[in-house]
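Some notes on the structure that comes next.
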Amino acid sequence: MADRGDFASLLRAWRERLQPAAVGFPAGNRRTRGLRREEVALLAGVSVDYLVRLEQGRADRPSVQVVSSLARVLQLSDLERDQLLLAAGLPAPLPTAVPTHVPASVQRLLARLPDVAVGVWTAHWTLLTANAAWRSLLGPMDPGLNLVVAQFAGSTPQVVWEEGDHERHERALVSDLRTALIRYPDDPAVRAVLAELQQFDRFRQLWDEGTVVEHRFQAKTFVHPSVGQVTLDCDVLTAIGTDLRIVAYTAEPGTEDASRFDLIRTLGTVEVSAASD
């Protein structure tokens, strides 16, 4: 691995720099600075043994996916992430690629807003990460799930739509995908999603129409298997300079929906039924 020593030292330094509270872990009585190797390995989806070998410079060159996952967990800036990739002998992301790096500030939102269901998506609606409240509300969603594909495959969580809102939602997703393709024409991930969607007649119809529709603020009524219907406000935010989509669901304080949302978060993650048209 090129510059193995630099990669190992950077990985250790940035692990020791990050405070447990920044990722939602209790500080407790710790003998080491920053995060433990076990905690980083858990969050990054790698084995502790592999992380130890990386930090000791004994592992083969890690993949882009592994380095990117470590950069996300360690809440690196874009420049730090690129430096870690280069130290691993890997190319930094091209500017034509859809941004997938979740900044530290957004990571803190997920860790410090337990009463808000927050999911972070790419410009072409592929899930990057979500907090516990999101999983409790919508069921388990693995990073890499594409919302546009799920929508036209009928596998999104069940929503009670007002008249015309379902069609508008579909058209807005198609518009977003077209915008991502125009903005990142050389990104294979965007083209792979577009190719997968060709199997759905409804998608091909809306794509061929070329109608441009923007998302708008609205409340959504979900059907939760344990609690029943719960209506929440939906906001789609953008972190400056990232082109990421931050979707947040909140309940109006003091309402029956707020009480139901509290109960949903208490119950934790359950299997949520998919929508049916």
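Residues in the structure tokens are numbered from 1 in each chain, the chains being A, B, ... in the order shown, and ligands are numbered from 1 in the order shown.
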
Residues within 12 Å of Ala219 of chain A, only C-alpha atoms, excluding chain neighbours under 5 positions, as a PyMOL selection string:
chain A and resi 159-162+165+230-236+248-252+257

Quick check for you: according to DSSP on this backbone, which residues of segment 82-204 of chain A are classed as alpha helix (DSSP H)? Reply as a ChimeraX atom specification.
/A:82-87,104-112,132-138,147-153,165-183,188-197,201-204

I need the residues from that last selection saved to file as a short mmCIF file (atom, residue, chain, number, x, y, z; two decimals), in the first residue's frame (with C-alpha atoms), if you can.
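Okay, this is what ended up in part00.cif:
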```cif
data_model
loop_
_atom_site.label_atom_id
_atom_site.label_comp_id
_atom_site.auth_asym_id
_atom_site.auth_seq_id
_atom_site.Cartn_x
_atom_site.Cartn_y
_atom_site.Cartn_z
CA ASP A 82 -9.19 12.94 0.08
CA GLN A 83 -5.90 12.86 2.00
CA LEU A 84 -6.83 9.51 3.54
CA LEU A 85 -7.67 8.09 0.11
CA LEU A 86 -4.41 9.30 -1.36
CA ALA A 87 -2.44 7.92 1.60
CA ALA A 104 -19.15 15.94 10.51
CA SER A 105 -21.83 18.57 11.06
CA VAL A 106 -24.46 16.30 9.51
CA GLN A 107 -23.16 13.33 11.51
CA ARG A 108 -23.73 15.37 14.66
CA LEU A 109 -27.31 16.10 13.59
CA LEU A 110 -28.04 12.39 13.47
CA ALA A 111 -26.42 11.75 16.84
CA ARG A 112 -27.89 14.74 18.68
CA ALA A 132 -32.36 5.40 15.18
CA ALA A 133 -35.59 7.44 15.05
CA TRP A 134 -35.67 7.01 11.25
CA ARG A 135 -35.30 3.24 11.53
CA SER A 136 -37.98 3.08 14.20
CA LEU A 137 -40.42 4.99 12.01
CA LEU A 138 -39.68 3.46 8.61
CA LEU A 147 -35.55 5.65 -3.08
CA VAL A 148 -36.51 6.09 -6.75
CA VAL A 149 -36.14 2.37 -7.42
CA ALA A 150 -38.00 1.50 -4.21
CA GLN A 151 -40.81 3.90 -5.12
CA PHE A 152 -41.50 2.37 -8.52
CA ALA A 153 -40.96 -1.16 -7.22
CA ASP A 165 -49.74 14.02 -3.91
CA HIS A 166 -48.58 10.52 -4.82
CA GLU A 167 -48.24 11.41 -8.50
CA ARG A 168 -46.47 14.66 -7.63
CA HIS A 169 -44.05 12.74 -5.41
CA GLU A 170 -43.23 10.32 -8.23
CA ARG A 171 -42.70 13.14 -10.71
CA ALA A 172 -40.44 15.00 -8.28
CA LEU A 173 -38.26 11.91 -7.81
CA VAL A 174 -37.97 11.46 -11.57
CA SER A 175 -37.05 15.14 -11.93
CA ASP A 176 -34.38 14.75 -9.25
CA LEU A 177 -32.87 11.76 -11.02
CA ARG A 178 -32.73 13.65 -14.31
CA THR A 179 -31.04 16.59 -12.58
CA ALA A 180 -28.45 14.23 -11.07
CA LEU A 181 -27.78 12.69 -14.50
CA ILE A 182 -27.28 16.13 -16.04
CA ARG A 183 -25.03 17.26 -13.18
CA PRO A 188 -21.78 5.04 -13.13
CA ALA A 189 -23.92 4.89 -9.99
CA VAL A 190 -26.48 7.29 -11.48
CA ARG A 191 -26.56 5.42 -14.78
CA ALA A 192 -26.94 2.10 -12.94
CA VAL A 193 -30.02 3.40 -11.14
CA LEU A 194 -31.46 4.70 -14.40
CA ALA A 195 -30.87 1.34 -16.09
CA GLU A 196 -32.56 -0.53 -13.23
CA LEU A 197 -35.62 1.71 -13.47
CA ASP A 201 -43.52 1.09 -17.20
CA ARG A 202 -44.65 3.93 -14.94
CA PHE A 203 -41.11 5.25 -14.60
CA ARG A 204 -40.49 5.12 -18.36
#
```

Show me, as an NGL selection string, the residues that have an atom within 12 Å of Val46 of chain A when counting only C-alpha atoms, minus same-chain residues fewer than 2 positions from it.
:A and (37-44 or 48-54 or 62-63 or 65-67 or 69-70 or 73)

Contacts of Leu237 of chain A within 12 Å, only C-alpha atoms, excl. fewer than 3 positions in-chain, as a PDB file with N, CA and C atoms, in the first residue's frame:
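Wrote part-v5.pdb, looks like this:
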```pdb
ATOM      1  N   VAL A 106     -23.262  17.105   9.757  1.00  0.00           N
ATOM      2  CA  VAL A 106     -24.465  16.302   9.507  1.00  0.00           C
ATOM      3  C   VAL A 106     -24.457  15.060  10.388  1.00  0.00           C
ATOM      4  N   VAL A 118     -34.149  11.300  10.900  1.00  0.00           N
ATOM      5  CA  VAL A 118     -33.285  11.940   9.913  1.00  0.00           C
ATOM      6  C   VAL A 118     -32.635  10.878   9.026  1.00  0.00           C
ATOM      7  N   GLY A 119     -32.759  11.061   7.708  1.00  0.00           N
ATOM      8  CA  GLY A 119     -32.070  10.220   6.736  1.00  0.00           C
ATOM      9  C   GLY A 119     -31.281  11.094   5.784  1.00  0.00           C
ATOM     10  N   VAL A 120     -30.077  10.651   5.414  1.00  0.00           N
ATOM     11  CA  VAL A 120     -29.211  11.426   4.528  1.00  0.00           C
ATOM     12  C   VAL A 120     -29.088  10.675   3.213  1.00  0.00           C
ATOM     13  N   TRP A 121     -29.371  11.382   2.118  1.00  0.00           N
ATOM     14  CA  TRP A 121     -29.434  10.767   0.794  1.00  0.00           C
ATOM     15  C   TRP A 121     -28.527  11.515  -0.187  1.00  0.00           C
ATOM     16  N   THR A 122     -28.118  10.815  -1.230  1.00  0.00           N
ATOM     17  CA  THR A 122     -27.358  11.459  -2.296  1.00  0.00           C
ATOM     18  C   THR A 122     -28.281  12.254  -3.199  1.00  0.00           C
ATOM     19  N   ALA A 123     -27.687  12.928  -4.176  1.00  0.00           N
ATOM     20  CA  ALA A 123     -28.472  13.724  -5.127  1.00  0.00           C
ATOM     21  C   ALA A 123     -29.401  12.864  -5.963  1.00  0.00           C
ATOM     22  N   HIS A 215     -39.914  19.252  -5.153  1.00  0.00           N
ATOM     23  CA  HIS A 215     -40.488  18.822  -3.880  1.00  0.00           C
ATOM     24  C   HIS A 215     -41.015  20.052  -3.143  1.00  0.00           C
ATOM     25  N   ARG A 216     -42.051  19.849  -2.372  1.00  0.00           N
ATOM     26  CA  ARG A 216     -42.593  20.947  -1.588  1.00  0.00           C
ATOM     27  C   ARG A 216     -42.854  20.451  -0.170  1.00  0.00           C
ATOM     28  N   PHE A 217     -42.917  21.408   0.757  1.00  0.00           N
ATOM     29  CA  PHE A 217     -43.183  21.036   2.145  1.00  0.00           C
ATOM     30  C   PHE A 217     -44.556  20.385   2.230  1.00  0.00           C
ATOM     31  N   CYS A 234     -42.624  16.783   6.932  1.00  0.00           N
ATOM     32  CA  CYS A 234     -41.448  16.329   6.185  1.00  0.00           C
ATOM     33  C   CYS A 234     -40.716  17.540   5.622  1.00  0.00           C
ATOM     34  N   ILE A 240     -24.838  22.810   2.871  1.00  0.00           N
ATOM     35  CA  ILE A 240     -24.139  23.679   1.928  1.00  0.00           C
ATOM     36  C   ILE A 240     -22.859  23.018   1.439  1.00  0.00           C
ATOM     37  N   THR A 242     -22.493  20.269  -0.296  1.00  0.00           N
ATOM     38  CA  THR A 242     -22.439  18.806  -0.329  1.00  0.00           C
ATOM     39  C   THR A 242     -23.319  18.174  -1.393  1.00  0.00           C
ATOM     40  N   ASP A 243     -24.388  18.828  -1.786  1.00  0.00           N
ATOM     41  CA  ASP A 243     -25.400  18.258  -2.691  1.00  0.00           C
ATOM     42  C   ASP A 243     -26.047  17.015  -2.092  1.00  0.00           C
ATOM     43  N   LEU A 244     -26.051  16.934  -0.765  1.00  0.00           N
ATOM     44  CA  LEU A 244     -26.754  15.854  -0.078  1.00  0.00           C
ATOM     45  C   LEU A 244     -28.172  16.304   0.255  1.00  0.00           C
ATOM     46  N   ARG A 245     -29.064  15.345   0.383  1.00  0.00           N
ATOM     47  CA  ARG A 245     -30.448  15.619   0.773  1.00  0.00           C
ATOM     48  C   ARG A 245     -30.662  15.079   2.186  1.00  0.00           C
ATOM     49  N   ILE A 246     -31.009  15.976   3.088  1.00  0.00           N
ATOM     50  CA  ILE A 246     -31.264  15.583   4.479  1.00  0.00           C
ATOM     51  C   ILE A 246     -32.777  15.638   4.692  1.00  0.00           C
ATOM     52  N   VAL A 247     -33.381  14.469   4.874  1.00  0.00           N
ATOM     53  CA  VAL A 247     -34.830  14.380   5.062  1.00  0.00           C
ATOM     54  C   VAL A 247     -35.118  14.238   6.548  1.00  0.00           C
ATOM     55  N   ALA A 248     -35.971  15.109   7.073  1.00  0.00           N
ATOM     56  CA  ALA A 248     -36.275  15.114   8.505  1.00  0.00           C
ATOM     57  C   ALA A 248     -37.784  15.034   8.716  1.00  0.00           C
ATOM     58  N   TYR A 249     -38.208  14.124   9.601  1.00  0.00           N
ATOM     59  CA  TYR A 249     -39.612  13.991   9.973  1.00  0.00           C
ATOM     60  C   TYR A 249     -39.776  14.409  11.436  1.00  0.00           C
TER      61      TYR A 249
END
```

My list of candidates is A:Glu209, A:Glu214, A:Asp60, A:Asp115. Which is closest to Phe261 of chain A when distances are computed with only C-alpha atoms?
A:Asp115

Report, in Å with one decimal, the straight-line distance from atom CA of Thr269 of chain A to atom CA of Pro26 of chain A.
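Straight-line distance from atom CA of Thr269 of chain A to atom CA of Pro26 of chain A works out to 21.1 Å.
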
Just list the residues in segment 99-224 of chain A DSSP gives strand (DSSP E or B) on the backbone, as number ranges by chain.
A: 117-121, 126-130, 146, 157, 159-160, 218-224

As an exercise, work out the distance from atom CA of Asp6 of chain A to atom CA of Glu55 of chain A in Å and give it to one decimal place.
9.8 Å

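Across A:Gly268, A:Gly154, A:Gly164, A:Pro185, the tightest approach to Val227 of chain A is made by A:Gly268 when counting only C-alpha atoms.
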
What does the distance from atom CA of Gln158 of chain A to atom CA of Ser226 of chain A come to in Å, to one decimal?
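According to the coordinates, atom CA of Gln158 of chain A and atom CA of Ser226 of chain A are separated by 13.2 Å.
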